Amino acid sequence: MKKLLAALACAACLSATCAAEAADIVANPKAAPNKIEQCIGCHGIPAYKTAFPEVYQVPMIGGQSARYIEAALHAYKKGDRQHPQMTPTAKALSDQDIADIAAYYALQTAAMPNK
C-alpha cells in the first residue's frame, strides 16, 4: 500500500511539473514572422499543389484554430502524425515556436498571404 501511495504521489508531482512548464508558454503571434519561413513555402500559396510525396493540395492554415495547429505540430514532432516534410520541420520547433506559429496563423484568414 505504501508503494502504491508513493507511486501515486510521484505521478502527481510529475504531472504538476509538466502542467507548470506548459503554463509558462505564452503564445506571441508577433514573434512568429521570424519562425514561419518554412511554412509559407507551402501553406502560403493559394491553390498550391505539391508532388512530394504525391500530388495533393496543400492546406491553407490561415484562420485555422491555434489549438488545432498546435496539436498537429506536436503530433508531427512526437511522430504520432507522419509526413516527409512536416515531421522534420516540427521536430526543429520548440514548444514556444509552436505556440507562436499557431497563434499567428489563427489570426490570419485562408485568403491572406503571409507577410
# chains A, B, ... in the order shown; residues from 1 in each chain; ligands from 1
call {"tool": "residues_around", "arguments": {"residues": "stretch 90-103 of chain A", "least_positions_apart": "2", "cutoff": "12 Å", "atoms": "only C-alpha atoms", "output": "MDAnalysis selection string"}}
result
chainID A and resid 21:40 61:88 105:108 114
call {"tool": "select_by_dssp", "arguments": {"residues": "stretch 15-102 of chain A", "states": "strand (DSSP E)", "output": "PyMOL selection string"}}
result
chain A and resi 49-50+56-57
call {"tool": "atom_distance", "arguments": {"atom1": "atom CA of A:Pro59", "atom2": "atom CA of A:His43"}}
result
6.2 Å
call {"tool": "select_by_dssp", "arguments": {"residues": "stretch 6-105 of chain A", "states": "alpha helix (DSSP H)", "output": "PDB file with N, CA, C and O atoms, in the first residue's frame"}}
result
ATOM      1  N   ALA A   6       3.179   5.987  -2.705  1.00  0.00           N
ATOM      2  CA  ALA A   6       4.393   6.676  -3.131  1.00  0.00           C
ATOM      3  C   ALA A   6       4.400   6.873  -4.647  1.00  0.00           C
ATOM      4  O   ALA A   6       4.762   7.936  -5.150  1.00  0.00           O
ATOM      5  N   ALA A   7       3.983   5.848  -5.372  1.00  0.00           N
ATOM      6  CA  ALA A   7       3.935   5.937  -6.833  1.00  0.00           C
ATOM      7  C   ALA A   7       2.910   6.983  -7.275  1.00  0.00           C
ATOM      8  O   ALA A   7       3.168   7.770  -8.194  1.00  0.00           O
ATOM      9  N   LEU A   8       1.764   7.009  -6.622  1.00  0.00           N
ATOM     10  CA  LEU A   8       0.739   7.996  -6.957  1.00  0.00           C
ATOM     11  C   LEU A   8       1.218   9.415  -6.645  1.00  0.00           C
ATOM     12  O   LEU A   8       0.968  10.346  -7.418  1.00  0.00           O
ATOM     13  N   ALA A   9       1.888   9.581  -5.519  1.00  0.00           N
ATOM     14  CA  ALA A   9       2.409  10.898  -5.160  1.00  0.00           C
ATOM     15  C   ALA A   9       3.457  11.361  -6.168  1.00  0.00           C
ATOM     16  O   ALA A   9       3.482  12.524  -6.576  1.00  0.00           O
ATOM     17  N   CYS A  10       4.303  10.437  -6.589  1.00  0.00           N
ATOM     18  CA  CYS A  10       5.337  10.752  -7.578  1.00  0.00           C
ATOM     19  C   CYS A  10       4.693  11.148  -8.913  1.00  0.00           C
ATOM     20  O   CYS A  10       5.086  12.130  -9.539  1.00  0.00           O
ATOM     21  N   ALA A  11       3.686  10.399  -9.326  1.00  0.00           N
ATOM     22  CA  ALA A  11       2.989  10.700 -10.573  1.00  0.00           C
ATOM     23  C   ALA A  11       2.311  12.065 -10.497  1.00  0.00           C
ATOM     24  O   ALA A  11       2.315  12.826 -11.459  1.00  0.00           O
ATOM     25  N   ALA A  12       1.731  12.378  -9.356  1.00  0.00           N
ATOM     26  CA  ALA A  12       1.072  13.676  -9.181  1.00  0.00           C
ATOM     27  C   ALA A  12       2.083  14.813  -9.279  1.00  0.00           C
ATOM     28  O   ALA A  12       1.809  15.847  -9.890  1.00  0.00           O
ATOM     29  N   CYS A  13       3.255  14.622  -8.693  1.00  0.00           N
ATOM     30  CA  CYS A  13       4.300  15.650  -8.763  1.00  0.00           C
ATOM     31  C   CYS A  13       4.774  15.849 -10.201  1.00  0.00           C
ATOM     32  O   CYS A  13       4.943  16.981 -10.654  1.00  0.00           O
ATOM     33  N   LEU A  14       4.987  14.765 -10.920  1.00  0.00           N
ATOM     34  CA  LEU A  14       5.421  14.870 -12.307  1.00  0.00           C
ATOM     35  C   LEU A  14       4.354  15.550 -13.157  1.00  0.00           C
ATOM     36  O   LEU A  14       4.655  16.396 -13.989  1.00  0.00           O
ATOM     37  N   SER A  15       3.123  15.195 -12.921  1.00  0.00           N
ATOM     38  CA  SER A  15       2.020  15.802 -13.662  1.00  0.00           C
ATOM     39  C   SER A  15       1.942  17.299 -13.387  1.00  0.00           C
ATOM     40  O   SER A  15       1.757  18.109 -14.292  1.00  0.00           O
ATOM     41  N   ALA A  16       2.086  17.686 -12.145  1.00  0.00           N
ATOM     42  CA  ALA A  16       2.039  19.098 -11.771  1.00  0.00           C
ATOM     43  C   ALA A  16       3.211  19.861 -12.375  1.00  0.00           C
ATOM     44  O   ALA A  16       3.068  20.998 -12.837  1.00  0.00           O
ATOM     45  N   THR A  17       4.392  19.235 -12.425  1.00  0.00           N
ATOM     46  CA  THR A  17       5.566  19.867 -13.013  1.00  0.00           C
ATOM     47  C   THR A  17       5.369  20.090 -14.499  1.00  0.00           C
ATOM     48  O   THR A  17       5.666  21.166 -15.023  1.00  0.00           O
ATOM     49  N   CYS A  18       4.850  19.082 -15.198  1.00  0.00           N
ATOM     50  CA  CYS A  18       4.611  19.215 -16.634  1.00  0.00           C
ATOM     51  C   CYS A  18       3.569  20.299 -16.912  1.00  0.00           C
ATOM     52  O   CYS A  18       3.717  21.080 -17.838  1.00  0.00           O
ATOM     53  N   ALA A  19       2.532  20.345 -16.099  1.00  0.00           N
ATOM     54  CA  ALA A  19       1.492  21.361 -16.283  1.00  0.00           C
ATOM     55  C   ALA A  19       2.063  22.759 -16.036  1.00  0.00           C
ATOM     56  O   ALA A  19       1.731  23.707 -16.746  1.00  0.00           O
ATOM     57  N   ALA A  20       2.926  22.878 -15.044  1.00  0.00           N
ATOM     58  CA  ALA A  20       3.532  24.182 -14.750  1.00  0.00           C
ATOM     59  C   ALA A  20       4.416  24.630 -15.903  1.00  0.00           C
ATOM     60  O   ALA A  20       4.428  25.804 -16.271  1.00  0.00           O
ATOM     61  N   GLU A  21       5.175  23.694 -16.493  1.00  0.00           N
ATOM     62  CA  GLU A  21       6.035  24.049 -17.618  1.00  0.00           C
ATOM     63  C   GLU A  21       5.204  24.486 -18.811  1.00  0.00           C
ATOM     64  O   GLU A  21       5.526  25.448 -19.489  1.00  0.00           O
ATOM     65  N   ALA A  22       4.114  23.775 -19.087  1.00  0.00           N
ATOM     66  CA  ALA A  22       3.250  24.129 -20.210  1.00  0.00           C
ATOM     67  C   ALA A  22       2.592  25.483 -19.971  1.00  0.00           C
ATOM     68  O   ALA A  22       2.373  26.242 -20.903  1.00  0.00           O
ATOM     69  N   ALA A  23       2.285  25.787 -18.726  1.00  0.00           N
ATOM     70  CA  ALA A  23       1.632  27.055 -18.401  1.00  0.00           C
ATOM     71  C   ALA A  23       2.577  28.242 -18.608  1.00  0.00           C
ATOM     72  O   ALA A  23       2.121  29.363 -18.774  1.00  0.00           O
ATOM     73  N   GLU A  37       9.242  30.847 -41.996  1.00  0.00           N
ATOM     74  CA  GLU A  37       9.850  30.773 -43.313  1.00  0.00           C
ATOM     75  C   GLU A  37       9.548  29.451 -44.015  1.00  0.00           C
ATOM     76  O   GLU A  37       9.253  29.428 -45.205  1.00  0.00           O
ATOM     77  N   GLN A  38       9.641  28.356 -43.299  1.00  0.00           N
ATOM     78  CA  GLN A  38       9.383  27.055 -43.915  1.00  0.00           C
ATOM     79  C   GLN A  38       7.895  26.832 -44.154  1.00  0.00           C
ATOM     80  O   GLN A  38       7.514  26.115 -45.062  1.00  0.00           O
ATOM     81  N   CYS A  39       7.053  27.447 -43.366  1.00  0.00           N
ATOM     82  CA  CYS A  39       5.597  27.265 -43.507  1.00  0.00           C
ATOM     83  C   CYS A  39       5.081  27.901 -44.790  1.00  0.00           C
ATOM     84  O   CYS A  39       4.274  27.298 -45.513  1.00  0.00           O
ATOM     85  N   ILE A  40       5.541  29.126 -45.057  1.00  0.00           N
ATOM     86  CA  ILE A  40       4.965  29.875 -46.169  1.00  0.00           C
ATOM     87  C   ILE A  40       5.315  29.286 -47.523  1.00  0.00           C
ATOM     88  O   ILE A  40       4.612  29.519 -48.500  1.00  0.00           O
ATOM     89  N   GLY A  41       6.366  28.497 -47.591  1.00  0.00           N
ATOM     90  CA  GLY A  41       6.742  27.879 -48.856  1.00  0.00           C
ATOM     91  C   GLY A  41       5.689  26.941 -49.410  1.00  0.00           C
ATOM     92  O   GLY A  41       5.616  26.734 -50.621  1.00  0.00           O
ATOM     93  N   CYS A  42       4.859  26.395 -48.552  1.00  0.00           N
ATOM     94  CA  CYS A  42       3.777  25.504 -48.996  1.00  0.00           C
ATOM     95  C   CYS A  42       2.407  26.043 -48.596  1.00  0.00           C
ATOM     96  O   CYS A  42       1.494  26.093 -49.408  1.00  0.00           O
ATOM     97  N   HIS A  43       2.272  26.443 -47.333  1.00  0.00           N
ATOM     98  CA  HIS A  43       0.965  26.833 -46.802  1.00  0.00           C
ATOM     99  C   HIS A  43       0.580  28.269 -47.145  1.00  0.00           C
ATOM    100  O   HIS A  43      -0.547  28.677 -46.894  1.00  0.00           O
ATOM    101  N   ALA A  66      -5.828  27.952 -33.372  1.00  0.00           N
ATOM    102  CA  ALA A  66      -4.486  27.793 -32.798  1.00  0.00           C
ATOM    103  C   ALA A  66      -4.356  26.441 -32.112  1.00  0.00           C
ATOM    104  O   ALA A  66      -3.318  25.792 -32.216  1.00  0.00           O
ATOM    105  N   ARG A  67      -5.398  26.035 -31.441  1.00  0.00           N
ATOM    106  CA  ARG A  67      -5.378  24.757 -30.725  1.00  0.00           C
ATOM    107  C   ARG A  67      -5.142  23.592 -31.691  1.00  0.00           C
ATOM    108  O   ARG A  67      -4.377  22.682 -31.411  1.00  0.00           O
ATOM    109  N   TYR A  68      -5.815  23.640 -32.847  1.00  0.00           N
ATOM    110  CA  TYR A  68      -5.640  22.585 -33.851  1.00  0.00           C
ATOM    111  C   TYR A  68      -4.217  22.587 -34.405  1.00  0.00           C
ATOM    112  O   TYR A  68      -3.589  21.541 -34.533  1.00  0.00           O
ATOM    113  N   ILE A  69      -3.707  23.770 -34.746  1.00  0.00           N
ATOM    114  CA  ILE A  69      -2.351  23.856 -35.311  1.00  0.00           C
ATOM    115  C   ILE A  69      -1.321  23.361 -34.299  1.00  0.00           C
ATOM    116  O   ILE A  69      -0.409  22.611 -34.643  1.00  0.00           O
ATOM    117  N   GLU A  70      -1.474  23.769 -33.045  1.00  0.00           N
ATOM    118  CA  GLU A  70      -0.551  23.286 -32.007  1.00  0.00           C
ATOM    119  C   GLU A  70      -0.611  21.770 -31.887  1.00  0.00           C
ATOM    120  O   GLU A  70       0.423  21.107 -31.827  1.00  0.00           O
ATOM    121  N   ALA A  71      -1.820  21.225 -31.846  1.00  0.00           N
ATOM    122  CA  ALA A  71      -1.971  19.768 -31.712  1.00  0.00           C
ATOM    123  C   ALA A  71      -1.337  19.043 -32.897  1.00  0.00           C
ATOM    124  O   ALA A  71      -0.646  18.036 -32.720  1.00  0.00           O
ATOM    125  N   ALA A  72      -1.546  19.562 -34.093  1.00  0.00           N
ATOM    126  CA  ALA A  72      -0.974  18.926 -35.278  1.00  0.00           C
ATOM    127  C   ALA A  72       0.551  18.982 -35.252  1.00  0.00           C
ATOM    128  O   ALA A  72       1.219  17.977 -35.509  1.00  0.00           O
ATOM    129  N   LEU A  73       1.108  20.144 -34.932  1.00  0.00           N
ATOM    130  CA  LEU A  73       2.570  20.265 -34.893  1.00  0.00           C
ATOM    131  C   LEU A  73       3.186  19.391 -33.812  1.00  0.00           C
ATOM    132  O   LEU A  73       4.229  18.768 -34.023  1.00  0.00           O
ATOM    133  N   HIS A  74       2.537  19.324 -32.653  1.00  0.00           N
ATOM    134  CA  HIS A  74       3.046  18.441 -31.595  1.00  0.00           C
ATOM    135  C   HIS A  74       2.955  16.975 -32.019  1.00  0.00           C
ATOM    136  O   HIS A  74       3.857  16.181 -31.708  1.00  0.00           O
ATOM    137  N   ALA A  75       1.895  16.608 -32.740  1.00  0.00           N
ATOM    138  CA  ALA A  75       1.758  15.230 -33.214  1.00  0.00           C
ATOM    139  C   ALA A  75       2.851  14.895 -34.230  1.00  0.00           C
ATOM    140  O   ALA A  75       3.423  13.802 -34.197  1.00  0.00           O
ATOM    141  N   TYR A  76       3.151  15.830 -35.122  1.00  0.00           N
ATOM    142  CA  TYR A  76       4.262  15.614 -36.059  1.00  0.00           C
ATOM    143  C   TYR A  76       5.582  15.510 -35.300  1.00  0.00           C
ATOM    144  O   TYR A  76       6.418  14.651 -35.595  1.00  0.00           O
ATOM    145  N   LYS A  77       5.768  16.369 -34.325  1.00  0.00           N
ATOM    146  CA  LYS A  77       7.012  16.398 -33.552  1.00  0.00           C
ATOM    147  C   LYS A  77       7.232  15.087 -32.795  1.00  0.00           C
ATOM    148  O   LYS A  77       8.343  14.571 -32.744  1.00  0.00           O
ATOM    149  N   LYS A  78       6.155  14.545 -32.220  1.00  0.00           N
ATOM    150  CA  LYS A  78       6.254  13.286 -31.467  1.00  0.00           C
ATOM    151  C   LYS A  78       6.287  12.058 -32.364  1.00  0.00           C
ATOM    152  O   LYS A  78       6.639  10.978 -31.917  1.00  0.00           O
ATOM    153  N   MET A  86       6.613  17.614 -42.999  1.00  0.00           N
ATOM    154  CA  MET A  86       6.131  18.191 -41.745  1.00  0.00           C
ATOM    155  C   MET A  86       6.819  17.604 -40.515  1.00  0.00           C
ATOM    156  O   MET A  86       7.072  18.319 -39.548  1.00  0.00           O
ATOM    157  N   THR A  87       7.120  16.325 -40.532  1.00  0.00           N
ATOM    158  CA  THR A  87       7.740  15.697 -39.360  1.00  0.00           C
ATOM    159  C   THR A  87       9.078  16.344 -39.012  1.00  0.00           C
ATOM    160  O   THR A  87       9.269  16.794 -37.884  1.00  0.00           O
ATOM    161  N   PRO A  88      10.036  16.438 -39.944  1.00  0.00           N
ATOM    162  CA  PRO A  88      11.306  17.074 -39.573  1.00  0.00           C
ATOM    163  C   PRO A  88      11.163  18.567 -39.280  1.00  0.00           C
ATOM    164  O   PRO A  88      11.879  19.109 -38.436  1.00  0.00           O
ATOM    165  N   THR A  89      10.232  19.222 -39.953  1.00  0.00           N
ATOM    166  CA  THR A  89      10.015  20.646 -39.697  1.00  0.00           C
ATOM    167  C   THR A  89       9.533  20.847 -38.269  1.00  0.00           C
ATOM    168  O   THR A  89      10.047  21.701 -37.542  1.00  0.00           O
ATOM    169  N   ALA A  90       8.557  20.063 -37.845  1.00  0.00           N
ATOM    170  CA  ALA A  90       8.002  20.188 -36.499  1.00  0.00           C
ATOM    171  C   ALA A  90       9.030  19.802 -35.437  1.00  0.00           C
ATOM    172  O   ALA A  90       9.079  20.414 -34.367  1.00  0.00           O
ATOM    173  N   LYS A  91       9.856  18.818 -35.721  1.00  0.00           N
ATOM    174  CA  LYS A  91      10.867  18.394 -34.744  1.00  0.00           C
ATOM    175  C   LYS A  91      11.881  19.494 -34.462  1.00  0.00           C
ATOM    176  O   LYS A  91      12.478  19.527 -33.391  1.00  0.00           O
ATOM    177  N   ASP A  95       8.532  24.247 -28.186  1.00  0.00           N
ATOM    178  CA  ASP A  95       7.136  24.410 -27.791  1.00  0.00           C
ATOM    179  C   ASP A  95       6.713  25.873 -27.908  1.00  0.00           C
ATOM    180  O   ASP A  95       5.580  26.176 -28.286  1.00  0.00           O
ATOM    181  N   GLN A  96       7.623  26.796 -27.614  1.00  0.00           N
ATOM    182  CA  GLN A  96       7.326  28.226 -27.757  1.00  0.00           C
ATOM    183  C   GLN A  96       7.118  28.583 -29.226  1.00  0.00           C
ATOM    184  O   GLN A  96       6.194  29.324 -29.568  1.00  0.00           O
ATOM    185  N   ASP A  97       7.972  28.048 -30.102  1.00  0.00           N
ATOM    186  CA  ASP A  97       7.812  28.291 -31.542  1.00  0.00           C
ATOM    187  C   ASP A  97       6.440  27.827 -32.013  1.00  0.00           C
ATOM    188  O   ASP A  97       5.747  28.527 -32.751  1.00  0.00           O
ATOM    189  N   ILE A  98       6.051  26.637 -31.593  1.00  0.00           N
ATOM    190  CA  ILE A  98       4.760  26.070 -31.991  1.00  0.00           C
ATOM    191  C   ILE A  98       3.617  26.967 -31.527  1.00  0.00           C
ATOM    192  O   ILE A  98       2.691  27.264 -32.294  1.00  0.00           O
ATOM    193  N   ALA A  99       3.672  27.416 -30.294  1.00  0.00           N
ATOM    194  CA  ALA A  99       2.615  28.290 -29.766  1.00  0.00           C
ATOM    195  C   ALA A  99       2.558  29.606 -30.544  1.00  0.00           C
ATOM    196  O   ALA A  99       1.466  30.081 -30.893  1.00  0.00           O
ATOM    197  N   ASP A 100       3.718  30.181 -30.848  1.00  0.00           N
ATOM    198  CA  ASP A 100       3.764  31.447 -31.578  1.00  0.00           C
ATOM    199  C   ASP A 100       3.218  31.289 -32.997  1.00  0.00           C
ATOM    200  O   ASP A 100       2.421  32.105 -33.464  1.00  0.00           O
ATOM    201  N   ILE A 101       3.632  30.244 -33.679  1.00  0.00           N
ATOM    202  CA  ILE A 101       3.180  29.988 -35.047  1.00  0.00           C
ATOM    203  C   ILE A 101       1.681  29.738 -35.081  1.00  0.00           C
ATOM    204  O   ILE A 101       0.966  30.271 -35.938  1.00  0.00           O
ATOM    205  N   ALA A 102       1.192  28.939 -34.156  1.00  0.00           N
ATOM    206  CA  ALA A 102      -0.242  28.636 -34.105  1.00  0.00           C
ATOM    207  C   ALA A 102      -1.057  29.903 -33.861  1.00  0.00           C
ATOM    208  O   ALA A 102      -2.087  30.129 -34.507  1.00  0.00           O
ATOM    209  N   ALA A 103      -0.592  30.742 -32.953  1.00  0.00           N
ATOM    210  CA  ALA A 103      -1.302  31.995 -32.664  1.00  0.00           C
ATOM    211  C   ALA A 103      -1.297  32.913 -33.880  1.00  0.00           C
ATOM    212  O   ALA A 103      -2.301  33.557 -34.191  1.00  0.00           O
ATOM    213  N   TYR A 104      -0.182  32.960 -34.577  1.00  0.00           N
ATOM    214  CA  TYR A 104      -0.069  33.792 -35.778  1.00  0.00           C
ATOM    215  C   TYR A 104      -1.068  33.358 -36.844  1.00  0.00           C
ATOM    216  O   TYR A 104      -1.819  34.179 -37.383  1.00  0.00           O
ATOM    217  N   TYR A 105      -1.073  32.066 -37.162  1.00  0.00           N
ATOM    218  CA  TYR A 105      -1.968  31.591 -38.218  1.00  0.00           C
ATOM    219  C   TYR A 105      -3.435  31.661 -37.810  1.00  0.00           C
ATOM    220  O   TYR A 105      -4.307  31.842 -38.661  1.00  0.00           O
TER     221      TYR A 105
END
call {"tool": "decode", "arguments": {"residues": "stretch 22-46 of chain A", "atoms": "C-alpha atoms", "output": "mmCIF file, in the first residue's frame"}}
result
data_model
loop_
_atom_site.group_PDB
_atom_site.id
_atom_site.type_symbol
_atom_site.label_atom_id
_atom_site.label_comp_id
_atom_site.auth_asym_id
_atom_site.auth_seq_id
_atom_site.Cartn_x
_atom_site.Cartn_y
_atom_site.Cartn_z
ATOM 1 C CA ALA A 22 3.250 24.129 -20.210
ATOM 2 C CA ALA A 23 1.632 27.055 -18.401
ATOM 3 C CA ASP A 24 4.845 29.072 -18.809
ATOM 4 C CA ILE A 25 4.401 29.209 -22.582
ATOM 5 C CA VAL A 26 2.517 32.299 -23.694
ATOM 6 C CA ALA A 27 1.826 32.459 -27.409
ATOM 7 C CA ASN A 28 3.172 35.554 -29.121
ATOM 8 C CA PRO A 29 1.924 35.913 -32.712
ATOM 9 C CA LYS A 30 4.231 38.920 -33.200
ATOM 10 C CA ALA A 31 7.242 36.625 -32.765
ATOM 11 C CA ALA A 32 6.062 34.227 -35.482
ATOM 12 C CA PRO A 33 7.076 36.087 -38.678
ATOM 13 C CA ASN A 34 10.689 35.112 -37.981
ATOM 14 C CA LYS A 35 9.649 31.475 -37.491
ATOM 15 C CA ILE A 36 7.360 30.766 -40.453
ATOM 16 C CA GLU A 37 9.850 30.773 -43.313
ATOM 17 C CA GLN A 38 9.383 27.055 -43.915
ATOM 18 C CA CYS A 39 5.597 27.265 -43.507
ATOM 19 C CA ILE A 40 4.965 29.875 -46.169
ATOM 20 C CA GLY A 41 6.742 27.879 -48.856
ATOM 21 C CA CYS A 42 3.777 25.504 -48.996
ATOM 22 C CA HIS A 43 0.965 26.833 -46.802
ATOM 23 C CA GLY A 44 1.191 30.420 -48.006
ATOM 24 C CA ILE A 45 0.466 29.854 -51.698
ATOM 25 C CA PRO A 46 -3.229 29.757 -52.652
#
